[in-house]
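Shown below: final-v4.txt, with compact mmCIF, C-alpha atoms.
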# COMPACT_ATOMS: atom_id res chain seq x y z
CA MET A 1 0.00 0.00 0.00
CA THR A 2 1.07 3.54 -0.63
CA TYR A 3 0.19 6.87 0.88
CA SER A 4 0.57 8.69 -2.43
CA ASP A 5 -3.15 8.99 -3.22
CA ASN A 6 -4.02 10.28 0.23
CA ILE A 7 -1.10 12.70 0.20
CA ARG A 8 -2.18 14.03 -3.20
CA GLN A 9 -5.71 14.42 -1.90
CA VAL A 10 -4.55 16.53 1.05
CA ILE A 11 -2.32 18.64 -1.20
CA ASP A 12 -5.14 19.21 -3.70
CA GLU A 13 -7.99 19.77 -1.28
CA ALA A 14 -6.48 21.67 1.63
CA ASP A 15 -6.22 25.45 1.31
CA VAL A 16 -2.91 25.24 3.13
CA ALA A 17 -1.29 21.84 3.72
CA LEU A 18 1.57 21.53 6.19
CA PHE A 19 3.47 18.25 6.21
CA MET A 20 5.34 18.31 9.48
CA LYS A 21 7.03 16.31 12.20
CA GLY A 22 4.43 16.07 14.94
CA THR A 23 1.19 17.99 15.06
CA PRO A 24 0.37 21.66 15.72
CA GLY A 25 -0.45 20.59 19.27
CA LEU A 26 2.79 18.65 19.73
CA VAL A 27 5.50 19.80 17.32
CA MET A 28 8.43 17.38 17.17
CA CYS A 29 10.96 19.46 15.21
CA GLY A 30 12.22 23.03 15.28
CA ASN A 31 11.88 23.48 11.53
CA SER A 32 8.29 22.26 11.51
CA ASP A 33 7.65 24.73 14.29
CA ARG A 34 9.20 27.58 12.28
CA ALA A 35 6.87 26.86 9.37
CA LEU A 36 3.83 26.50 11.63
CA GLN A 37 4.57 29.77 13.44
CA ALA A 38 5.01 31.61 10.13
CA LEU A 39 1.66 30.26 8.89
CA ARG A 40 0.02 31.24 12.17
CA ARG A 41 1.38 34.77 11.93
CA ALA A 42 -0.05 35.02 8.43
CA GLY A 43 -3.44 33.80 9.69
CA ALA A 44 -3.49 30.74 7.45
CA PRO A 45 -6.08 27.96 7.67
CA VAL A 46 -3.72 25.03 8.19
CA THR A 47 -4.31 21.37 7.50
CA ALA A 48 -1.43 19.49 9.10
CA VAL A 49 -0.18 15.97 8.42
CA ASP A 50 2.20 14.27 10.85
CA ILE A 51 4.77 12.53 8.69
CA LEU A 52 6.25 10.73 11.70
CA ALA A 53 3.20 8.46 11.86
CA ASP A 54 4.90 6.22 9.27
CA PRO A 55 8.33 6.68 7.61
CA ARG A 56 6.75 5.86 4.26
CA ILE A 57 4.62 9.00 4.35
CA ARG A 58 7.76 11.05 4.01
CA GLU A 59 9.14 8.87 1.23
CA ASP A 60 5.92 9.07 -0.75
CA LEU A 61 5.59 12.81 -0.12
CA SER A 62 9.13 13.58 -1.31
CA ALA A 63 8.57 11.43 -4.39
CA ILE A 64 5.51 13.53 -5.23
CA SER A 65 6.94 16.95 -4.42
CA GLY A 66 10.57 16.40 -5.36
CA TRP A 67 11.42 18.20 -2.12
CA PRO A 68 13.79 16.29 0.17
CA THR A 69 13.16 17.88 3.56
CA ILE A 70 10.38 18.37 6.10
CA PRO A 71 8.36 20.55 6.62
CA GLN A 72 6.66 21.14 3.29
CA VAL A 73 3.96 23.76 2.81
CA PHE A 74 1.47 23.74 -0.06
CA VAL A 75 -1.05 26.46 -0.85
CA LYS A 76 -3.91 25.37 -3.12
CA GLY A 77 -1.94 22.42 -4.39
CA GLU A 78 1.28 24.30 -5.08
CA LEU A 79 4.52 23.79 -3.14
CA VAL A 80 5.44 27.06 -1.46
CA GLY A 81 8.53 25.70 0.22
CA GLY A 82 10.07 24.48 3.45
CA ALA A 83 10.67 26.30 6.71
CA ASP A 84 13.29 28.70 5.32
CA ILE A 85 11.16 29.88 2.40
CA VAL A 86 7.93 30.13 4.36
CA GLU A 87 9.69 32.11 7.08
CA GLU A 88 11.33 34.37 4.50
CA LEU A 89 8.02 34.95 2.71
CA ALA A 90 6.26 35.65 6.01
CA GLU A 91 8.87 38.24 6.95
CA SER A 92 8.61 40.03 3.61
CA GLY A 93 4.80 39.97 3.62
CA GLU A 94 4.72 37.82 0.48
CA LEU A 95 3.15 34.88 2.32
CA GLU A 96 0.08 36.94 3.22
CA ALA A 97 -0.07 38.27 -0.33
CA THR A 98 0.03 34.74 -1.73
CA LEU A 99 -2.65 33.56 0.70
CA ARG A 100 -4.86 36.53 -0.21
CA GLU A 101 -4.36 35.89 -3.90
CA LYS A 102 -5.06 32.16 -3.72
CA LEU A 103 -7.62 31.99 -0.91
CA GLY A 104 -9.34 35.33 -1.41
CA ASP A 105 -9.72 38.48 0.69
CA GLY A 106 -10.60 37.85 4.29
CA TYR A 107 -8.97 34.43 4.36
CA GLU A 108 -7.79 35.28 7.87
CA SER A 109 -11.36 34.91 9.14
CA ARG A 110 -11.06 31.21 8.30
CA ARG A 111 -7.91 30.91 10.40
CA SER A 112 -7.89 27.36 11.72
CA GLU A 113 -5.76 24.34 12.45
CA GLN A 114 -6.73 20.78 11.78
CA THR A 115 -4.73 17.60 11.67
CA VAL A 116 -5.33 14.84 9.15
CA SER A 117 -4.10 11.33 9.91
CA LEU A 118 -3.05 9.24 6.94
CA VAL A 119 -2.45 6.10 8.97
CA MET B 1 34.46 40.56 -9.60
CA ARG B 2 33.79 37.49 -7.55
CA VAL B 3 33.85 37.72 -3.82
CA TYR B 4 33.65 34.46 -1.96
CA GLN B 5 32.90 34.72 1.70
CA PHE B 6 33.86 31.66 3.65
CA ARG B 7 33.73 31.44 7.33
CA HIS B 8 33.92 28.85 10.06
CA ILE B 9 31.92 29.09 13.23
CA ARG B 10 33.79 26.23 14.80
CA GLU B 11 36.39 23.71 13.86
CA PRO B 12 35.09 20.72 11.95
CA ARG B 13 34.43 17.75 14.15
CA ILE B 14 36.42 14.59 13.92
CA VAL B 15 34.04 11.99 12.60
CA ALA B 16 36.18 8.95 12.11
CA ALA B 17 39.56 7.56 12.96
CA ARG B 18 40.81 4.81 10.69
CA VAL B 19 43.71 2.54 11.19
CA GLY B 20 45.61 2.49 7.91
CA ALA B 21 47.95 -0.13 6.47
CA SER B 22 50.81 1.49 8.34
CA GLY B 23 49.06 0.76 11.60
CA LEU B 24 48.75 4.48 12.29
CA ALA B 25 45.38 6.03 12.79
CA THR B 26 44.45 8.67 10.26
CA ILE B 27 41.82 11.18 11.15
CA GLU B 28 39.11 12.15 8.71
CA ARG B 29 37.61 15.56 9.16
CA VAL B 30 34.25 16.37 7.74
CA GLY B 31 33.40 20.01 8.01
CA THR B 32 32.00 22.61 5.68
CA GLU B 33 34.48 21.90 2.86
CA PRO B 34 32.54 19.17 1.06
CA LEU B 35 29.47 21.40 0.95
CA ARG B 36 31.48 24.37 -0.31
CA ALA B 37 33.10 22.33 -3.01
CA LEU B 38 29.77 20.98 -4.28
CA LEU B 39 28.13 24.41 -4.18
CA ALA B 40 31.09 26.11 -5.88
CA SER B 41 30.89 23.55 -8.66
CA ALA B 42 27.10 23.91 -9.02
CA PHE B 43 27.21 27.72 -8.85
CA PRO B 44 30.45 28.76 -10.57
CA ASP B 45 28.99 32.26 -10.99
CA ALA B 46 28.27 32.72 -7.28
CA THR B 47 29.00 36.17 -5.88
CA GLU B 48 28.39 34.93 -2.36
CA LEU B 49 28.84 31.39 -1.14
CA ASP B 50 28.79 30.68 2.54
CA VAL B 51 28.54 27.48 4.56
CA ILE B 52 28.12 27.58 8.31
CA ASP B 53 28.23 24.61 10.65
CA ARG B 54 25.40 25.78 12.90
CA THR B 55 26.08 23.53 15.85
CA GLY B 56 29.71 22.56 15.42
CA GLY B 57 28.52 18.95 15.11
CA GLY B 58 29.25 18.72 11.39
CA ASP B 59 25.71 17.87 10.35
CA HIS B 60 23.56 20.99 10.83
CA PHE B 61 24.42 23.51 8.15
CA GLN B 62 23.33 26.90 6.92
CA VAL B 63 24.22 27.70 3.35
CA VAL B 64 23.98 31.06 1.63
CA VAL B 65 24.19 31.31 -2.14
CA THR B 66 23.89 34.43 -4.23
CA ALA B 67 24.34 33.89 -7.95
CA PRO B 68 23.19 35.44 -11.23
CA SER B 69 22.14 31.96 -12.39
CA LEU B 70 19.45 32.00 -9.68
CA HIS B 71 18.01 35.30 -10.86
CA GLY B 72 14.40 35.12 -11.98
CA LEU B 73 13.77 31.73 -10.36
CA SER B 74 11.20 31.22 -7.62
CA LEU B 75 12.54 30.53 -4.14
CA VAL B 76 11.32 26.93 -4.49
CA GLU B 77 13.33 26.55 -7.67
CA GLN B 78 16.37 28.27 -6.14
CA HIS B 79 16.32 25.94 -3.13
CA ARG B 80 15.84 22.95 -5.44
CA ARG B 81 19.12 23.86 -7.14
CA VAL B 82 20.86 23.84 -3.77
CA TYR B 83 19.30 20.52 -2.80
CA GLN B 84 20.40 19.07 -6.14
CA ALA B 85 23.95 20.29 -5.61
CA LEU B 86 24.07 18.68 -2.17
CA ALA B 87 22.00 15.59 -3.01
CA ALA B 88 24.75 13.09 -2.25
CA LEU B 89 25.43 14.54 1.21
CA LEU B 90 21.70 14.67 1.97
CA ALA B 91 21.20 11.09 0.84
CA ASP B 92 24.06 9.61 2.85
CA GLY B 93 23.09 11.43 6.03
CA THR B 94 26.16 13.69 6.17
CA ILE B 95 23.74 16.60 6.23
CA HIS B 96 21.16 16.04 8.91
CA GLU B 97 19.67 19.51 8.74
CA LEU B 98 20.05 22.19 6.12
CA ARG B 99 19.00 25.81 6.18
CA ILE B 100 19.12 27.63 2.89
CA ARG B 101 19.21 31.30 1.98
CA THR B 102 19.43 32.07 -1.73
CA LYS B 103 19.36 35.19 -3.85
CA GLY B 104 19.49 35.77 -7.55
CA ALA B 105 22.14 38.40 -8.17
CA THR B 106 21.42 40.84 -10.96
Go through the file and emit its structure as structure tokens.
Amino acid sequence: MTYSDNIRQVIDEADVALFMKGTPGLVMCGNSDRALQALRRAGAPVTAVDILADPRIREDLSAISGWPTIPQVFVKGELVGGADIVEELAESGELEATLREKLGDGYESRRSEQTVSLV
Amino acid sequence: MRVYQFRHIREPRIVAARVGASGLATIERVGTEPLRALLASAFPDATELDVIDRTGGGDHFQVVVTAPSLHGLSLVEQHRRVYQALAALLADGTIHELRIRTKGAT
């Protein structure tokens, strides 16, 4: 069995998908936390997936995205980047601009955090 | 003009001691050099190329690359170029954590 279909579904359907180590409630890695905090500051509606639930989630995810590291952030199906990029975009204000462009004005009112389990 | 900025935060750690044919132990040092060499080869036009061992442990690195060849690329694409350059060291676990800062020089 493979997680690829479920991963693709999360990427395609979530406004903002965050593949991370741990969950927003219990973050297991500093870089995942950096990405989460940047998304929170931008008021993003976050759908999180804990890749630590099964090592194969990460393998399948990286095969799909071509991105070797965790975390990975997608907005409306498009890879925005890892912790460094998301943090950089948040600092410059580009993250909010991207979210507004892709999710519409007032996206902040839908600010939320949910966790999806693939296992 | 090319200006390369290299700097060490700490000395590279000693990762392995091997006993050679002579019976004497030789010490292998893995520091920032392998990363620099790979990045310099992938970005021969770099105006800034910096590798920092963030923890002194030889596996948490921060790299900074500014190069005209990155100009006009998205940050995702710029970081992909860096990952590609360092793919071997990422795959074999030499790099445990990598922070990237890139800029397309004009």
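Within 8 Å of chain A, chain B contributes the residues Leu75, Val76, Arg80, Tyr83, Arg99, Ile100 and Arg101 of chain B, using all atoms listed in the file.
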Take the residues just selected and output them with C-alpha atoms as a compact mmCIF listing (two decimals), in the frame of the given file.
# COMPACT_ATOMS: atom_id res chain seq x y z
CA LEU B 75 12.54 30.53 -4.14
CA VAL B 76 11.32 26.93 -4.49
CA ARG B 80 15.84 22.95 -5.44
CA TYR B 83 19.30 20.52 -2.80
CA ARG B 99 19.00 25.81 6.18
CA ILE B 100 19.12 27.63 2.89
CA ARG B 101 19.21 31.30 1.98
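Atom CA of A:Glu113 to atom CA of A:Pro45 spans 6.0 Å [interatomic distance, one decimal].
One finds atom CA of B:Phe61 at 25.1 Å from atom CA of A:Asp60.
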* Could you give me, as a VMD selection string, the residues that have an atom at most 12 Å away from the point (31.5, 29.2, -8.7) in the coordinates of the file, using all atoms listed in the file? => chain B and resid 1 to 5 36 to 50 65 to 69
Stretch 16-25 of chain A: axis-aligned bounding box, 5 Å on each side, centre and edge lengths in Å, one decimal, as lines of an AutoDock Vina configuration file:
center_x = 2.1
center_y = 20.7
center_z = 11.2
size_x = 19.9
size_y = 19.2
size_z = 26.1
* How many Å lie between atom CA of A:Phe19 and atom CA of A:Gly93, rounded to one decimal? -> 21.9 Å
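Counting all atoms listed in the file and comparing A:Leu61, A:Val119, A:Leu52, A:Ala42, the residue that lies closest to A:Val27 is A:Leu52.
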